[in-house]
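One file, protein_38.pdb, carrying PDB, C-alpha atoms:
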ATOM      1  CA  MET A 674     -62.085  34.100  15.764  1.00  0.00           C
ATOM      2  CA  ALA A 675     -61.058  32.508  12.478  1.00  0.00           C
ATOM      3  CA  LYS A 676     -59.846  28.948  12.717  1.00  0.00           C
ATOM      4  CA  PHE A 677     -56.120  28.505  12.071  1.00  0.00           C
ATOM      5  CA  ASN A 678     -55.614  26.737   8.753  1.00  0.00           C
ATOM      6  CA  LYS A 679     -52.202  25.126   8.713  1.00  0.00           C
ATOM      7  CA  ASP A 680     -52.698  24.092   5.079  1.00  0.00           C
ATOM      8  CA  SER A 681     -53.032  27.659   3.834  1.00  0.00           C
ATOM      9  CA  VAL A 682     -50.069  29.678   2.591  1.00  0.00           C
ATOM     10  CA  GLY A 683     -50.161  31.829   5.714  1.00  0.00           C
ATOM     11  CA  GLY A 684     -50.472  28.781   7.944  1.00  0.00           C
ATOM     12  CA  THR A 685     -47.563  27.045   6.267  1.00  0.00           C
ATOM     13  CA  LEU A 686     -45.347  30.127   6.643  1.00  0.00           C
ATOM     14  CA  THR A 687     -46.321  30.436  10.308  1.00  0.00           C
ATOM     15  CA  VAL A 688     -45.396  26.806  11.002  1.00  0.00           C
ATOM     16  CA  VAL A 689     -42.084  27.202   9.167  1.00  0.00           C
ATOM     17  CA  VAL A 690     -41.201  30.371  11.094  1.00  0.00           C
ATOM     18  CA  LEU A 691     -42.128  28.852  14.461  1.00  0.00           C
ATOM     19  CA  LEU A 692     -40.204  25.659  13.705  1.00  0.00           C
ATOM     20  CA  SER A 693     -37.145  27.652  12.618  1.00  0.00           C
ATOM     21  CA  LEU A 694     -37.334  29.738  15.787  1.00  0.00           C
ATOM     22  CA  VAL A 695     -37.534  26.680  18.025  1.00  0.00           C
ATOM     23  CA  CYS A 696     -34.620  24.982  16.202  1.00  0.00           C
ATOM     24  CA  SER A 697     -32.465  28.106  16.415  1.00  0.00           C
ATOM     25  CA  LEU A 698     -33.116  28.349  20.150  1.00  0.00           C
ATOM     26  CA  ILE A 699     -32.153  24.694  20.606  1.00  0.00           C
ATOM     27  CA  VAL A 700     -28.943  25.119  18.584  1.00  0.00           C
ATOM     28  CA  ALA A 701     -28.000  28.344  20.394  1.00  0.00           C
ATOM     29  CA  GLY A 702     -28.684  26.748  23.766  1.00  0.00           C
ATOM     30  CA  ALA A 703     -26.604  23.696  22.901  1.00  0.00           C
ATOM     31  CA  ALA A 704     -23.715  25.918  21.765  1.00  0.00           C
ATOM     32  CA  VAL A 705     -23.754  27.834  25.046  1.00  0.00           C
ATOM     33  CA  LEU A 706     -23.951  24.663  27.140  1.00  0.00           C
ATOM     34  CA  LEU A 707     -21.203  22.897  25.191  1.00  0.00           C
ATOM     35  CA  LYS A 708     -18.771  25.831  25.019  1.00  0.00           C
ATOM     36  CA  PRO A 709     -17.031  25.074  28.360  1.00  0.00           C
ATOM     37  CA  THR A 710     -16.521  21.449  27.292  1.00  0.00           C
ATOM     38  CA  GLN A 711     -15.213  22.552  23.901  1.00  0.00           C
ATOM     39  CA  GLU A 712     -12.731  24.936  25.542  1.00  0.00           C
ATOM     40  CA  ILE A 713     -11.486  22.164  27.847  1.00  0.00           C
ATOM     41  CA  GLN A 714     -11.002  19.815  24.892  1.00  0.00           C
ATOM     42  CA  LYS A 715      -9.230  22.542  22.906  1.00  0.00           C
ATOM     43  CA  GLN A 716      -6.824  23.143  25.785  1.00  0.00           C
ATOM     44  CA  LEU A 717      -6.278  19.404  26.237  1.00  0.00           C
ATOM     45  CA  ASP A 718      -5.474  18.986  22.540  1.00  0.00           C
ATOM     46  CA  LYS A 719      -2.945  21.826  22.757  1.00  0.00           C
ATOM     47  CA  GLN A 720      -1.291  20.225  25.782  1.00  0.00           C
ATOM     48  CA  ARG A 721      -1.215  16.845  24.035  1.00  0.00           C
ATOM     49  CA  ASN A 722       0.604  18.298  21.013  1.00  0.00           C
ATOM     50  CA  ILE A 723       3.139  20.087  23.197  1.00  0.00           C
ATOM     51  CA  LEU A 724       3.889  16.851  25.054  1.00  0.00           C
ATOM     52  CA  GLN A 725       4.128  14.993  21.758  1.00  0.00           C
ATOM     53  CA  VAL A 726       6.734  17.292  20.233  1.00  0.00           C
ATOM     54  CA  ALA A 727       8.648  17.210  23.547  1.00  0.00           C
ATOM     55  CA  GLY A 728       8.710  13.394  23.453  1.00  0.00           C
ATOM     56  CA  LEU A 729       6.629  13.095  26.627  1.00  0.00           C
ATOM     57  CA  LEU A 730       3.459  11.582  25.167  1.00  0.00           C
ATOM     58  CA  GLN A 731       2.981   7.848  25.587  1.00  0.00           C
ATOM     59  CA  GLU A 732      -0.064   5.667  24.979  1.00  0.00           C
ATOM     60  CA  ASN A 733      -1.387   5.933  28.546  1.00  0.00           C
ATOM     61  CA  THR A 734      -0.060   9.378  29.435  1.00  0.00           C
ATOM     62  CA  ASN A 735      -2.225  11.470  31.749  1.00  0.00           C
ATOM     63  CA  VAL A 736      -1.891  14.593  29.625  1.00  0.00           C
ATOM     64  CA  GLN A 737      -3.040  17.129  32.199  1.00  0.00           C
ATOM     65  CA  ALA A 738      -0.922  15.675  34.993  1.00  0.00           C
ATOM     66  CA  VAL A 739       2.289  15.396  32.943  1.00  0.00           C
ATOM     67  CA  TYR A 740       1.769  18.840  31.436  1.00  0.00           C
ATOM     68  CA  ALA A 741       1.303  20.386  34.893  1.00  0.00           C
ATOM     69  CA  GLN A 742       4.425  18.632  36.185  1.00  0.00           C
ATOM     70  CA  ARG A 743       6.798  19.136  33.261  1.00  0.00           C
ATOM     71  CA  ILE A 744       5.691  22.223  31.300  1.00  0.00           C
ATOM     72  CA  GLU A 745       5.949  25.898  32.241  1.00  0.00           C
ATOM     73  CA  ALA A 746       4.276  28.345  29.851  1.00  0.00           C
ATOM     74  CA  LYS A 747       5.831  31.807  29.550  1.00  0.00           C
ATOM     75  CA  LEU A 748       5.178  34.877  27.424  1.00  0.00           C
ATOM     76  CA  VAL A 749       7.916  36.373  25.258  1.00  0.00           C
ATOM     77  CA  ASP A 750       8.047  39.883  23.828  1.00  0.00           C
ATOM     78  CA  LEU A 751       9.033  39.073  20.248  1.00  0.00           C
ATOM     79  CA  ASP A 752      10.691  42.436  19.625  1.00  0.00           C
ATOM     80  CA  SER A 753      13.034  42.223  22.620  1.00  0.00           C
ATOM     81  CA  GLY A 754      13.187  38.469  23.198  1.00  0.00           C
ATOM     82  CA  ASP A 755      12.495  39.005  26.908  1.00  0.00           C
ATOM     83  CA  TYR A 756      10.056  37.132  29.107  1.00  0.00           C
ATOM     84  CA  VAL A 757       7.170  39.365  30.164  1.00  0.00           C
ATOM     85  CA  ASP A 758       4.130  39.149  32.408  1.00  0.00           C
ATOM     86  CA  GLY A 759       0.736  38.741  30.806  1.00  0.00           C
ATOM     87  CA  PRO A 760      -2.704  37.171  31.151  1.00  0.00           C
ATOM     88  CA  ALA A 761      -2.848  33.467  31.930  1.00  0.00           C
ATOM     89  CA  ASP A 762      -5.395  33.022  29.148  1.00  0.00           C
ATOM     90  CA  PHE A 763      -3.324  34.818  26.489  1.00  0.00           C
ATOM     91  CA  ASP A 764      -4.537  33.954  22.972  1.00  0.00           C
ATOM     92  CA  ALA A 765      -2.059  34.782  20.200  1.00  0.00           C
ATOM     93  CA  ALA A 766      -4.697  34.394  17.473  1.00  0.00           C
ATOM     94  CA  LYS A 767      -6.938  36.996  19.115  1.00  0.00           C
ATOM     95  CA  ALA A 768      -3.994  39.263  19.871  1.00  0.00           C
ATOM     96  CA  ALA A 769      -2.918  39.185  16.217  1.00  0.00           C
ATOM     97  CA  LYS A 770      -6.316  40.673  15.255  1.00  0.00           C
ATOM     98  CA  ASP A 771      -6.045  43.506  17.793  1.00  0.00           C
ATOM     99  CA  PRO A 772      -4.031  46.500  16.485  1.00  0.00           C
ATOM    100  CA  ALA A 773      -3.086  47.380  20.069  1.00  0.00           C
ATOM    101  CA  GLN A 774      -1.508  43.954  20.611  1.00  0.00           C
ATOM    102  CA  SER A 775      -0.045  43.253  17.192  1.00  0.00           C
ATOM    103  CA  THR A 776       2.229  44.487  14.452  1.00  0.00           C
ATOM    104  CA  ALA A 777       1.115  44.881  10.845  1.00  0.00           C
ATOM    105  CA  LEU A 778       3.667  43.323   8.514  1.00  0.00           C
ATOM    106  CA  SER A 779       4.754  44.879   5.245  1.00  0.00           C
ATOM    107  CA  PRO A 780       4.616  42.697   2.096  1.00  0.00           C
ATOM    108  CA  GLU A 781       8.396  42.307   2.298  1.00  0.00           C
ATOM    109  CA  GLU A 782       8.230  41.195   5.944  1.00  0.00           C
ATOM    110  CA  ASP A 783       5.180  38.966   5.574  1.00  0.00           C
ATOM    111  CA  ILE A 784       6.855  35.990   3.924  1.00  0.00           C
ATOM    112  CA  ALA A 785       4.714  33.594   5.992  1.00  0.00           C
ATOM    113  CA  GLY A 786       1.464  35.121   4.716  1.00  0.00           C
ATOM    114  CA  ILE A 787       0.030  35.978   8.154  1.00  0.00           C
ATOM    115  CA  ARG A 788      -0.496  39.759   7.683  1.00  0.00           C
ATOM    116  CA  ASN A 789      -0.277  40.628  11.386  1.00  0.00           C
ATOM    117  CA  ARG A 790       1.935  39.233  14.118  1.00  0.00           C
ATOM    118  CA  ALA A 791       1.001  39.338  17.808  1.00  0.00           C
ATOM    119  CA  ASN A 792       3.565  41.288  19.831  1.00  0.00           C
ATOM    120  CA  LEU A 793       3.759  38.492  22.390  1.00  0.00           C
ATOM    121  CA  ALA A 794       4.105  34.740  21.929  1.00  0.00           C
ATOM    122  CA  GLU A 795       3.687  31.874  24.334  1.00  0.00           C
ATOM    123  CA  VAL A 796       6.620  29.468  24.693  1.00  0.00           C
ATOM    124  CA  TYR A 797       6.731  26.298  26.758  1.00  0.00           C
ATOM    125  CA  LEU A 798       9.700  25.391  28.956  1.00  0.00           C
ATOM    126  CA  VAL A 799      10.055  21.630  29.322  1.00  0.00           C
ATOM    127  CA  LYS A 800      11.541  20.571  32.664  1.00  0.00           C
ATOM    128  CA  ASP A 801      13.414  17.331  33.337  1.00  0.00           C
ATOM    129  CA  GLU A 802      13.153  15.244  36.523  1.00  0.00           C
ATOM    130  CA  ASN A 803      15.492  17.701  38.279  1.00  0.00           C
ATOM    131  CA  ASP A 804      13.304  20.692  37.337  1.00  0.00           C
ATOM    132  CA  LYS A 805      15.930  21.919  34.862  1.00  0.00           C
ATOM    133  CA  VAL A 806      14.880  23.224  31.449  1.00  0.00           C
ATOM    134  CA  SER A 807      15.782  20.528  28.938  1.00  0.00           C
ATOM    135  CA  GLN A 808      14.016  21.931  25.873  1.00  0.00           C
ATOM    136  CA  ILE A 809      11.757  24.770  24.751  1.00  0.00           C
ATOM    137  CA  VAL A 810       8.653  24.343  22.601  1.00  0.00           C
ATOM    138  CA  VAL A 811       7.734  27.279  20.360  1.00  0.00           C
ATOM    139  CA  PRO A 812       4.687  27.727  18.117  1.00  0.00           C
ATOM    140  CA  PHE A 813       4.813  28.717  14.454  1.00  0.00           C
ATOM    141  CA  TYR A 814       2.398  29.011  11.555  1.00  0.00           C
ATOM    142  CA  GLY A 815       2.160  30.165   7.968  1.00  0.00           C
ATOM    143  CA  ARG A 816       0.218  29.853   4.741  1.00  0.00           C
ATOM    144  CA  GLY A 817       0.507  26.751   2.597  1.00  0.00           C
ATOM    145  CA  LEU A 818      -1.278  25.978  -0.665  1.00  0.00           C
ATOM    146  CA  TRP A 819      -4.805  25.724   0.769  1.00  0.00           C
ATOM    147  CA  SER A 820      -4.574  26.561   4.445  1.00  0.00           C
ATOM    148  CA  THR A 821      -2.726  28.147   7.322  1.00  0.00           C
ATOM    149  CA  MET A 822      -0.487  25.437   8.794  1.00  0.00           C
ATOM    150  CA  TYR A 823       0.028  25.439  12.575  1.00  0.00           C
ATOM    151  CA  GLY A 824       2.801  23.587  14.356  1.00  0.00           C
ATOM    152  CA  PHE A 825       5.112  23.336  17.335  1.00  0.00           C
ATOM    153  CA  MET A 826       8.881  22.957  17.297  1.00  0.00           C
ATOM    154  CA  SER A 827      10.997  21.713  20.191  1.00  0.00           C
ATOM    155  CA  ILE A 828      14.496  23.152  20.461  1.00  0.00           C
ATOM    156  CA  GLN A 829      17.331  22.612  22.876  1.00  0.00           C
ATOM    157  CA  PRO A 830      18.280  25.280  25.465  1.00  0.00           C
ATOM    158  CA  ASP A 831      21.061  26.453  23.130  1.00  0.00           C
ATOM    159  CA  GLY A 832      18.320  28.167  21.080  1.00  0.00           C
ATOM    160  CA  ASN A 833      19.521  26.492  17.903  1.00  0.00           C
ATOM    161  CA  THR A 834      19.351  22.680  17.834  1.00  0.00           C
ATOM    162  CA  ILE A 835      16.016  21.118  16.886  1.00  0.00           C
ATOM    163  CA  ASN A 836      14.629  18.218  18.901  1.00  0.00           C
ATOM    164  CA  GLY A 837      11.437  17.684  16.934  1.00  0.00           C
ATOM    165  CA  ILE A 838       8.485  19.160  15.089  1.00  0.00           C
ATOM    166  CA  THR A 839       4.758  18.529  14.825  1.00  0.00           C
ATOM    167  CA  TYR A 840       1.892  19.999  12.825  1.00  0.00           C
ATOM    168  CA  TYR A 841      -1.459  19.942  14.608  1.00  0.00           C
ATOM    169  CA  ASP A 842      -3.755  21.920  12.294  1.00  0.00           C
ATOM    170  CA  GLN A 843      -3.525  22.103   8.512  1.00  0.00           C
ATOM    171  CA  GLY A 844      -5.747  21.649   5.482  1.00  0.00           C
ATOM    172  CA  GLU A 845      -3.277  20.734   2.768  1.00  0.00           C
ATOM    173  CA  THR A 846      -3.983  18.075   0.131  1.00  0.00           C
ATOM    174  CA  PRO A 847      -4.115  14.576   1.703  1.00  0.00           C
ATOM    175  CA  GLY A 848      -1.278  12.409   0.440  1.00  0.00           C
ATOM    176  CA  LEU A 849       0.611  15.414  -0.906  1.00  0.00           C
ATOM    177  CA  GLY A 850       0.998  18.610   1.161  1.00  0.00           C
ATOM    178  CA  GLY A 851      -0.699  16.839   4.042  1.00  0.00           C
ATOM    179  CA  GLU A 852       2.471  14.766   4.374  1.00  0.00           C
ATOM    180  CA  ILE A 853       3.852  17.496   6.636  1.00  0.00           C
ATOM    181  CA  GLU A 854       2.171  15.435   9.380  1.00  0.00           C
ATOM    182  CA  ASN A 855       3.946  12.253   8.295  1.00  0.00           C
ATOM    183  CA  PRO A 856       6.437  11.098  10.978  1.00  0.00           C
ATOM    184  CA  ARG A 857       8.851   9.973   8.260  1.00  0.00           C
ATOM    185  CA  TRP A 858       9.097  13.500   6.852  1.00  0.00           C
ATOM    186  CA  GLN A 859       9.279  15.014  10.344  1.00  0.00           C
ATOM    187  CA  ALA A 860      12.120  12.606  11.206  1.00  0.00           C
ATOM    188  CA  GLN A 861      14.480  14.845   9.174  1.00  0.00           C
ATOM    189  CA  PHE A 862      14.348  17.623  11.783  1.00  0.00           C
ATOM    190  CA  PRO A 863      16.017  16.326  14.979  1.00  0.00           C
ATOM    191  CA  GLY A 864      19.604  17.559  15.159  1.00  0.00           C
ATOM    192  CA  LYS A 865      19.216  20.244  12.484  1.00  0.00           C
ATOM    193  CA  LYS A 866      20.187  23.828  13.298  1.00  0.00           C
ATOM    194  CA  LEU A 867      17.855  26.819  13.086  1.00  0.00           C
ATOM    195  CA  LEU A 868      20.585  29.434  12.718  1.00  0.00           C
ATOM    196  CA  ASP A 869      23.902  29.886  10.975  1.00  0.00           C
ATOM    197  CA  GLU A 870      27.102  30.985  12.703  1.00  0.00           C
ATOM    198  CA  GLN A 871      26.076  34.650  12.382  1.00  0.00           C
ATOM    199  CA  GLY A 872      22.754  33.980  14.127  1.00  0.00           C
ATOM    200  CA  ASN A 873      20.642  34.332  10.994  1.00  0.00           C
ATOM    201  CA  SER A 874      17.682  32.059  10.220  1.00  0.00           C
ATOM    202  CA  ALA A 875      19.152  29.207   8.162  1.00  0.00           C
ATOM    203  CA  LEU A 876      16.725  26.264   8.333  1.00  0.00           C
ATOM    204  CA  HIS A 877      15.339  25.722   4.844  1.00  0.00           C
ATOM    205  CA  VAL A 878      13.099  23.332   2.934  1.00  0.00           C
ATOM    206  CA  GLY A 879      13.639  22.513  -0.729  1.00  0.00           C
ATOM    207  CA  LYS A 880      14.280  19.852  -3.321  1.00  0.00           C
ATOM    208  CA  GLY A 881      17.489  18.033  -2.354  1.00  0.00           C
ATOM    209  CA  ALA A 882      17.991  20.411   0.593  1.00  0.00           C
ATOM    210  CA  SER A 883      19.048  17.585   2.919  1.00  0.00           C
ATOM    211  CA  ALA A 884      22.460  17.769   1.244  1.00  0.00           C
ATOM    212  CA  ASP A 885      22.945  20.620   3.706  1.00  0.00           C
ATOM    213  CA  LYS A 886      23.475  18.426   6.766  1.00  0.00           C
ATOM    214  CA  GLU A 887      23.221  21.330   9.190  1.00  0.00           C
ATOM    215  CA  HIS A 888      20.148  23.213   8.002  1.00  0.00           C
ATOM    216  CA  GLY A 889      18.433  21.472   5.062  1.00  0.00           C
ATOM    217  CA  ILE A 890      15.107  19.608   4.927  1.00  0.00           C
ATOM    218  CA  ASP A 891      13.964  17.820   1.774  1.00  0.00           C
ATOM    219  CA  ALA A 892      10.733  19.172   0.303  1.00  0.00           C
ATOM    220  CA  ILE A 893       7.677  16.945   0.003  1.00  0.00           C
ATOM    221  CA  SER A 894       7.560  15.337  -3.431  1.00  0.00           C
ATOM    222  CA  GLY A 895       4.790  16.791  -5.586  1.00  0.00           C
ATOM    223  CA  SER A 896       3.968  19.549  -3.101  1.00  0.00           C
ATOM    224  CA  THR A 897       6.116  22.500  -4.090  1.00  0.00           C
ATOM    225  CA  LEU A 898       3.716  25.204  -2.869  1.00  0.00           C
ATOM    226  CA  THR A 899       3.118  23.561   0.494  1.00  0.00           C
ATOM    227  CA  SER A 900       6.874  23.023   0.927  1.00  0.00           C
ATOM    228  CA  ASN A 901       7.498  26.664   0.023  1.00  0.00           C
ATOM    229  CA  GLY A 902       4.943  27.704   2.636  1.00  0.00           C
ATOM    230  CA  VAL A 903       6.710  25.607   5.280  1.00  0.00           C
ATOM    231  CA  ASP A 904      10.050  27.096   4.270  1.00  0.00           C
ATOM    232  CA  HIS A 905       8.687  30.649   4.453  1.00  0.00           C
ATOM    233  CA  SER A 906       7.117  30.059   7.871  1.00  0.00           C
ATOM    234  CA  PHE A 907      10.490  28.880   9.201  1.00  0.00           C
ATOM    235  CA  LYS A 908      12.298  31.889   7.734  1.00  0.00           C
ATOM    236  CA  PHE A 909       9.780  34.246   9.327  1.00  0.00           C
ATOM    237  CA  TRP A 910       9.328  32.714  12.777  1.00  0.00           C
ATOM    238  CA  PHE A 911      13.018  32.037  13.356  1.00  0.00           C
ATOM    239  CA  GLY A 912      14.070  35.367  11.897  1.00  0.00           C
ATOM    240  CA  GLN A 913      14.187  38.846  13.415  1.00  0.00           C
ATOM    241  CA  LYS A 914      10.428  39.472  13.190  1.00  0.00           C
ATOM    242  CA  GLY A 915       9.737  36.173  14.930  1.00  0.00           C
ATOM    243  CA  PHE A 916      11.709  34.356  17.607  1.00  0.00           C
ATOM    244  CA  GLY A 917      15.116  35.628  16.415  1.00  0.00           C
ATOM    245  CA  PRO A 918      15.737  37.956  19.398  1.00  0.00           C
ATOM    246  CA  TYR A 919      14.548  35.276  21.829  1.00  0.00           C
ATOM    247  CA  LEU A 920      16.804  32.608  20.277  1.00  0.00           C
ATOM    248  CA  ALA A 921      19.752  35.015  20.493  1.00  0.00           C
ATOM    249  CA  LYS A 922      19.167  35.422  24.234  1.00  0.00           C
ATOM    250  CA  LEU A 923      18.927  31.653  24.713  1.00  0.00           C
ATOM    251  CA  LYS A 924      22.207  31.222  22.851  1.00  0.00           C
ATOM    252  CA  ALA A 925      23.930  33.896  24.939  1.00  0.00           C
ATOM    253  CA  GLU A 926      22.716  32.325  28.176  1.00  0.00           C
ATOM    254  CA  ALA A 927      23.915  28.867  27.073  1.00  0.00           C
ATOM    255  CA  ASN A 928      27.447  30.090  26.349  1.00  0.00           C
TER     256      ASN A 928
END

Will you turn the file into structure tokens for me?
Amino acid sequence: MAKFNKDSVGGTLTVVVLLSLVCSLIVAGAAVLLKPTQEIQKQLDKQRNILQVAGLLQENTNVQAVYAQRIEAKLVDLDSGDYVDGPADFDAAKAAKDPAQSTALSPEEDIAGIRNRANLAEVYLVKDENDKVSQIVVPFYGRGLWSTMYGFMSIQPDGNTINGITYYDQGETPGLGGEIENPRWQAQFPGKKLLDEQGNSALHVGKGASADKEHGIDAISGSTLTSNGVDHSFKFWFGQKGFGPYLAKLKAEAN
């Protein structure tokens, strides 16, 4: 039997292939072992952002305990605005990629740049100490200049008045479009109204828009395209293809 020569071309290639195989097995094994931990952390981060926009997150908050006590997640049929039953592990991002669980948007409808919209959406009812719904947290997202921007908005049970907003995932330019995460910019939202008197989506973002005391949010200076993306995501998600029917039902129930 010929002696293995690791310094030959064939020997070198064999070592490289074996080393690559061993490394790939280690990486794949680590990914499988770490996946449950990653999923737990992903869920915890989601809960933390929901508590934050609801004003329930303090420095030493036990996120899982407070979330379990104060938050009730429900699924909404976006076309009807009704609560519906569904899987406990519903994933809107996955549903949006499944033609059986989503709606393809026409170019005229797709002002948020998302292409497909899941037929269901998860909303989060925030309970007070008396177990009464004090606010509702809804998700929204849309394209900015460089990224898809994901956020949560907290609204009052009237389906119209904003309590707060947070962005938890975005890749806009730091110091410019990335300012959508700045608390000073987000401080414009509490008290603003999502809808006009006819029930149409009215919240808007633009240069000098805060002159509209009811519905206007000033754009971020130097970030026109990001601000436009934010504006378009609001118009979509709080319009008839988004949470419009659901907000109308909340309003009717509050009156």

Using all atoms listed in the file, which protein or nucleic acid residues come within 8 Å of stretch 837-850 of chain A? Drop anything in the same chain fewer than 3 positions from it, and give the result as a compact mmCIF listing (two decimals) with C-alpha atoms, in the frame of the given file.
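Result file follows (part24.txt):
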# COMPACT_ATOMS: atom_id res chain seq x y z
CA ASN A 722 0.60 18.30 21.01
CA GLN A 725 4.13 14.99 21.76
CA VAL A 726 6.73 17.29 20.23
CA ALA A 727 8.65 17.21 23.55
CA GLY A 817 0.51 26.75 2.60
CA LEU A 818 -1.28 25.98 -0.66
CA TRP A 819 -4.80 25.72 0.77
CA SER A 820 -4.57 26.56 4.44
CA THR A 821 -2.73 28.15 7.32
CA MET A 822 -0.49 25.44 8.79
CA TYR A 823 0.03 25.44 12.58
CA GLY A 824 2.80 23.59 14.36
CA PHE A 825 5.11 23.34 17.34
CA MET A 826 8.88 22.96 17.30
CA SER A 827 11.00 21.71 20.19
CA ILE A 828 14.50 23.15 20.46
CA ILE A 853 3.85 17.50 6.64
CA GLU A 854 2.17 15.44 9.38
CA GLN A 859 9.28 15.01 10.34
CA ALA A 860 12.12 12.61 11.21
CA PHE A 862 14.35 17.62 11.78
CA PRO A 863 16.02 16.33 14.98
CA ILE A 893 7.68 16.94 0.00
CA SER A 894 7.56 15.34 -3.43
CA GLY A 895 4.79 16.79 -5.59
CA SER A 896 3.97 19.55 -3.10
CA THR A 899 3.12 23.56 0.49
CA SER A 900 6.87 23.02 0.93

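Every residue that the PyMOL selection byres ((chain A and resi 877-888) around 9) selects in this file is listed here: Gln861, Phe862, Gly864, Lys865, Lys866, Leu867, Leu868, Asp869, Ser874, Ala875, Leu876, Gly889, Ile890, Asp891, Ala892, Ile893, Ser894, Thr897, Ser900, Asn901, Val903, Asp904, His905, Phe907 and Lys908 of chain A.
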
- Query: Between atom CA of A:Val695 and atom CA of A:Glu712, what is the distance, to one decimal in Å?
  - Reply: 26.0 Å

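Nearest residue to A:Asn833, choosing from A:Gly912, A:Gly872, A:Pro812, A:Gly702 and counting only C-alpha atoms: A:Gly872.
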
- Task: Go through the shown structure with the PyMOL selection byres ((chain A and resi 910) around 10) and write out the matching residues as a PyMOL selection string.
- Result: chain A and resi 751+784-785+790+811-815+874+905-909+911-917

- Check what the PyMOL selection byres ((chain A and resi 832) around 6) selects in the file above and give those residues as JSON, numbers by chain. {"A": [829, 830, 831, 833, 920, 923, 924]}
